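Take a look at the structure set out below.
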Amino acid sequence: MLGEVAVTQYACFFFSADIISTVEFNYSGDLLATGDKGGRVVIFQHEQESKNRPHLRGEYNVYSTFQSHEPEFDYLKSLEIEEKINKIRWLPQQNAAHFLLSTNDKTIKLWKISERDKRAEGYNLKDEDGRLRDPFRITSLRVPVLMPMDLMVEASPRRIFANAHTYHINSISVNSDHETYLSADDLRINLWHLEITDRSFNIVDIKPANMEELTEVITAAECHPHQCNVFVYSSSKGTIRLCDMRAAALCDRHSKFFEEPEDPSSRSFFSEIISSISDVKFSHSGRYMMTRDYLSVKVWDLNMENRPVETYQVHEYLRSKLCSLYENDCIFDKFECCWNGSDSAIMTGSYNNFFRMFDRNTRRDITLEASRESSKPRATLKPRKVSTGGKRKKDEISVDSLDFNKKILHTAWHPKDNVIAVAATNNLYIFQDKIN
Amino acid sequence: IKPIIESQDKVISPEKAEEAKLKARYPNLGHKPGGSDLLRKRLQKGQKYFDSGDYNMAKAKIKNKQLPTAAPEKTECTGDHIPTPQDLPQRKPSLVASKLAG
């Protein structure tokens with residue numbers, strides 16, 4: 001995908017009333033779920049290729065929309081609990097229905113999304129419009145028959161996992177055993193069984209006895225894709241801890257500790273803030289993991305704890321803008337990152353609706369923009385460039401012209417194909433690679 | 001042979017230059033940078049209300065209030081005018097119907 005200059009074609013574009021807060025493909029890539037600030041979940045489905053246009057992949061269209069979370073009020077703390085969906089994670093499909101977990105700051109919900117394309121007709125005790133018939137007037141019995149009907153997609157909440165997190169949930173991750181999942185907040189990580197809602201196991205607790213001694217918080221957590229006993233969690237200090245649940249019931253002691261050594265002479269006020277990891281993702285192979293901090297993406301070999309094996313600069317030119325980025329709070333923006341299906345490329349977002357892709361093999365990288373002007377359907381995305389030096393070339397944009405309100409925090413890559421989903425504030429873009 | 005100690009390189013890294021800028025603007029900035037204050041603010045995130053009655057009233061007000069089409073005229077200048085609740089910016093309503101377009 002990154003070999004050619006002409007990267008992608010055929011964009012789908014969707015507009016949401018609220019800011020999109022999470023994007024996630026399911027395991028087959030046929031479904032794409034988005035969550036937004038208003039607590040809604042919208043699921044898009046990949047349509048089959050049409051016979052008229054075989055050279056293009058199918059489109060994505062809206063499949064289901066439902067209200068997942070509502071705003072609540074925490075009576076003890078007099079704080080509002082936002083309905084914003086922080087994360088969505090799909091469960092592997094086991095039958096005709098689809099299941100996903102969606103979470104806000106405090107409550108995780110398991111949703112079942114099922115299709116209904118048949119309806120029973122010919123009831124004995126009810127009319128076709130549902131009115132009850134007078135039982136004394138019924139003189140004969142008939143067997144109801146199933147008739148086809150227009151496809152209806154229903155979403156119903158099957159489990160509600162509540163009251164287990166004092167702090168704000170930042171991550172959920174389904175385990176490879178397909179029976180359990182973990183949820184992480186700023187200070188604790190809990191392990192749940194998908195069938196059991198009234199209890200969960202606490203597996204990590206970094207809350208100090210005296211809150212004055214608090215030095216770091218948990219920023220993200222994920223289960224290993226194949227080893228159901230292994231998970232990792234990242235911190236605001238730029239460290240990653242890998243834990244093995246076979247070692248102890250409470251995994252406060254890590255099995256592996258990943259940290260890149262820092263040059264003490266280059267330390268500044270901003271060092272710890274920009275080293276805070278906003279996202280951690282295992283590779284599909286399970287051999288590597290990727291972390292996103294404010295300015296870079298790092299790939300780590302799970303067998304090497306003392307430094308990452310690859311480092312990619314996302315927007316190094318922001319290093320000379322840290323003062324104003326601190327003042328406008330942008331320095332605390334939490335960018336996510338993702339792998340492509342074969343782990344050969346990684347993608348992450350930036351400002352000005354730019355997003356970046358890095359090819360791990362060729363070491364080439366590209367900057368693209370998600371905007372209506374540059375994404376006409378069937379148009380090829382043009383690579384963008386930010387000029388850092390004094391002289392600005394014709395198509396380049398200068399650092400001072402970047403719009404820091406247009407941030408791409410959430411991106412997702414189809415598990416098999418070259419299809420990507422990019423959330424730009426309240427716009428969702430789905431870009432697909434040309435087949436030939 | 002003793003090594004000759006070179007004079008310090010005068011070039012300051014861009015990050016350190018930004019730090020100097022920040023310290024110049026906020027001289028009282030804490031000595032524990034990424035430390036407890038920032039973390040505690042993070043743990044505390046969320047809009048605080050006086051009590052549940054205050055919260056429910058705020059929500060009801062947002063439901064009833066029309067979404068403004070233009071910013072209200074501000075004839076009073078800052079400093080001379082004591083703000084009233086009508087002047088304060090409202091929290092963005094979250095209970096809006098979704099309008100998805102293909």
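A note on labels: chains of the structure tokens are A, B, ... as shown, every chain counts residues from 1, and ligands are counted from 1 in their shown order.
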9 Å contacts from chain A to chain B using only C-alpha atoms, as an MDAnalysis selection string: chainID A and resid 12:18 37:40 61:62 65 70:71 73:75 77:83 167:168 186 211:217 236:237 266:273 319:324 326:327
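All residues of segment 98-276 of chain A that DSSP, run on the backbone, classes as alpha helix (DSSP H) are Ser271, Glu272, Ile273, Ile274 and Ser275 of chain A.
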Pairwise distance for atom CA of Asp252 of chain A and atom CA of Ser296 of chain A, rounded to one decimal in Å: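 Atom CA of Ser296 of chain A lies 27.6 Å from atom CA of Asp252 of chain A.
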Distance of atom CA of Ser235 of chain A from atom CA of Trp90 of chain A, expressed in Å to one decimal place: 24.5 Å
DSSP strand (DSSP E) residues within segment 200-323 of chain A, listed as a ChimeraX atom specification: /A:201-205,218-223,230-235,240-244,256-258,279-282,288-292,296-301,310-313
What would the file look like if the residues just selected were written as a short mmCIF file (atom, residue, chain, number, x, y, z; two decimals), in the first residue's frame with N, CA and C atoms?
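Contents of the output file selection_21.cif:
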data_model
loop_
_atom_site.label_atom_id
_atom_site.label_comp_id
_atom_site.auth_asym_id
_atom_site.auth_seq_id
_atom_site.Cartn_x
_atom_site.Cartn_y
_atom_site.Cartn_z
N PHE A 201 -12.41 -9.69 39.24
CA PHE A 201 -11.17 -9.82 39.98
C PHE A 201 -10.29 -8.61 39.72
N ASN A 202 -9.74 -8.06 40.77
CA ASN A 202 -8.78 -6.99 40.62
C ASN A 202 -7.41 -7.62 40.40
N ILE A 203 -6.77 -7.32 39.28
CA ILE A 203 -5.47 -7.95 38.99
C ILE A 203 -4.30 -6.98 39.06
N VAL A 204 -4.57 -5.68 38.98
CA VAL A 204 -3.50 -4.70 39.15
C VAL A 204 -4.07 -3.55 39.97
N ASP A 205 -3.29 -3.11 40.97
CA ASP A 205 -3.72 -1.98 41.79
C ASP A 205 -2.50 -1.14 42.09
N ILE A 218 -2.16 4.47 35.12
CA ILE A 218 -2.27 3.53 34.01
C ILE A 218 -2.95 4.25 32.85
N THR A 219 -2.39 4.15 31.67
CA THR A 219 -2.95 4.87 30.53
C THR A 219 -3.62 3.94 29.51
N ALA A 220 -3.17 2.68 29.43
CA ALA A 220 -3.79 1.74 28.48
C ALA A 220 -3.43 0.33 28.90
N ALA A 221 -4.25 -0.64 28.49
CA ALA A 221 -3.96 -2.04 28.80
C ALA A 221 -4.50 -2.91 27.68
N GLU A 222 -3.84 -4.04 27.46
CA GLU A 222 -4.32 -4.95 26.42
C GLU A 222 -3.94 -6.38 26.74
N CYS A 223 -4.80 -7.32 26.38
CA CYS A 223 -4.51 -8.74 26.52
C CYS A 223 -3.64 -9.19 25.36
N VAL A 230 -1.29 -13.54 29.60
CA VAL A 230 -0.40 -12.39 29.49
C VAL A 230 -1.19 -11.13 29.11
N PHE A 231 -0.86 -10.03 29.78
CA PHE A 231 -1.40 -8.74 29.36
C PHE A 231 -0.34 -7.68 29.64
N VAL A 232 -0.51 -6.51 29.02
CA VAL A 232 0.41 -5.39 29.27
C VAL A 232 -0.40 -4.17 29.69
N TYR A 233 0.26 -3.29 30.44
CA TYR A 233 -0.34 -1.98 30.67
C TYR A 233 0.75 -0.91 30.63
N SER A 234 0.36 0.24 30.10
CA SER A 234 1.31 1.35 29.93
C SER A 234 1.02 2.41 30.98
N SER A 235 1.99 3.30 31.18
CA SER A 235 1.84 4.31 32.22
C SER A 235 2.09 5.71 31.67
N ILE A 240 6.09 0.37 30.14
CA ILE A 240 5.10 -0.68 29.88
C ILE A 240 5.44 -1.88 30.76
N ARG A 241 4.44 -2.43 31.40
CA ARG A 241 4.65 -3.60 32.22
C ARG A 241 3.88 -4.77 31.62
N LEU A 242 4.57 -5.88 31.49
CA LEU A 242 3.94 -7.11 31.00
C LEU A 242 3.72 -7.99 32.21
N CYS A 243 2.51 -8.51 32.35
CA CYS A 243 2.18 -9.31 33.53
C CYS A 243 1.70 -10.69 33.12
N ASP A 244 2.00 -11.65 33.96
CA ASP A 244 1.60 -13.04 33.73
C ASP A 244 0.65 -13.45 34.84
N LYS A 256 7.72 -8.40 33.04
CA LYS A 256 8.70 -7.67 32.22
C LYS A 256 8.41 -6.18 32.34
N PHE A 257 9.46 -5.39 32.25
CA PHE A 257 9.34 -3.95 32.41
C PHE A 257 10.03 -3.28 31.24
N PHE A 258 9.29 -2.59 30.41
CA PHE A 258 9.84 -1.99 29.19
C PHE A 258 9.97 -0.48 29.40
N ASP A 279 -1.42 4.91 24.00
CA ASP A 279 -2.02 3.70 23.46
C ASP A 279 -0.97 2.60 23.40
N VAL A 280 -1.38 1.36 23.64
CA VAL A 280 -0.48 0.22 23.47
C VAL A 280 -1.27 -0.86 22.72
N LYS A 281 -0.62 -1.45 21.70
CA LYS A 281 -1.28 -2.46 20.88
C LYS A 281 -0.31 -3.59 20.57
N PHE A 282 -0.72 -4.80 20.84
CA PHE A 282 0.07 -5.95 20.42
C PHE A 282 -0.01 -6.09 18.91
N TYR A 288 5.38 -8.63 18.91
CA TYR A 288 5.74 -7.24 19.15
C TYR A 288 4.59 -6.50 19.81
N MET A 289 4.90 -5.31 20.34
CA MET A 289 3.84 -4.40 20.73
C MET A 289 4.27 -2.99 20.32
N MET A 290 3.26 -2.15 20.15
CA MET A 290 3.53 -0.78 19.70
C MET A 290 2.98 0.18 20.74
N THR A 291 3.71 1.24 21.03
CA THR A 291 3.23 2.26 21.96
C THR A 291 3.23 3.61 21.27
N ARG A 292 2.30 4.45 21.65
CA ARG A 292 2.20 5.81 21.10
C ARG A 292 2.42 6.79 22.24
N SER A 296 5.91 10.30 19.10
CA SER A 296 6.41 9.17 18.31
C SER A 296 5.61 7.90 18.54
N VAL A 297 5.89 6.92 17.67
CA VAL A 297 5.36 5.57 17.83
C VAL A 297 6.56 4.65 17.98
N LYS A 298 6.51 3.73 18.92
CA LYS A 298 7.64 2.82 19.14
C LYS A 298 7.16 1.39 19.05
N VAL A 299 7.96 0.57 18.37
CA VAL A 299 7.68 -0.86 18.28
C VAL A 299 8.66 -1.56 19.20
N TRP A 300 8.13 -2.42 20.06
CA TRP A 300 8.95 -3.15 21.03
C TRP A 300 8.91 -4.64 20.72
N ASP A 301 10.04 -5.29 20.85
CA ASP A 301 10.11 -6.74 20.79
C ASP A 301 9.86 -7.22 22.22
N GLU A 310 12.06 -0.29 17.06
CA GLU A 310 11.83 0.71 16.02
C GLU A 310 11.17 1.92 16.64
N THR A 311 11.56 3.10 16.16
CA THR A 311 10.94 4.35 16.61
C THR A 311 10.58 5.17 15.38
N TYR A 312 9.36 5.64 15.32
CA TYR A 312 8.90 6.44 14.18
C TYR A 312 8.44 7.80 14.69
N GLN A 313 8.98 8.85 14.09
CA GLN A 313 8.60 10.21 14.49
C GLN A 313 7.30 10.59 13.80
#
Contacts of Gly35 of chain A within 9 Å, only C-alpha atoms, excl. fewer than 2 positions in-chain, as an NGL selection string: :A and (19-24 or 33 or 37-43 or 68 or 84-88 or 102)
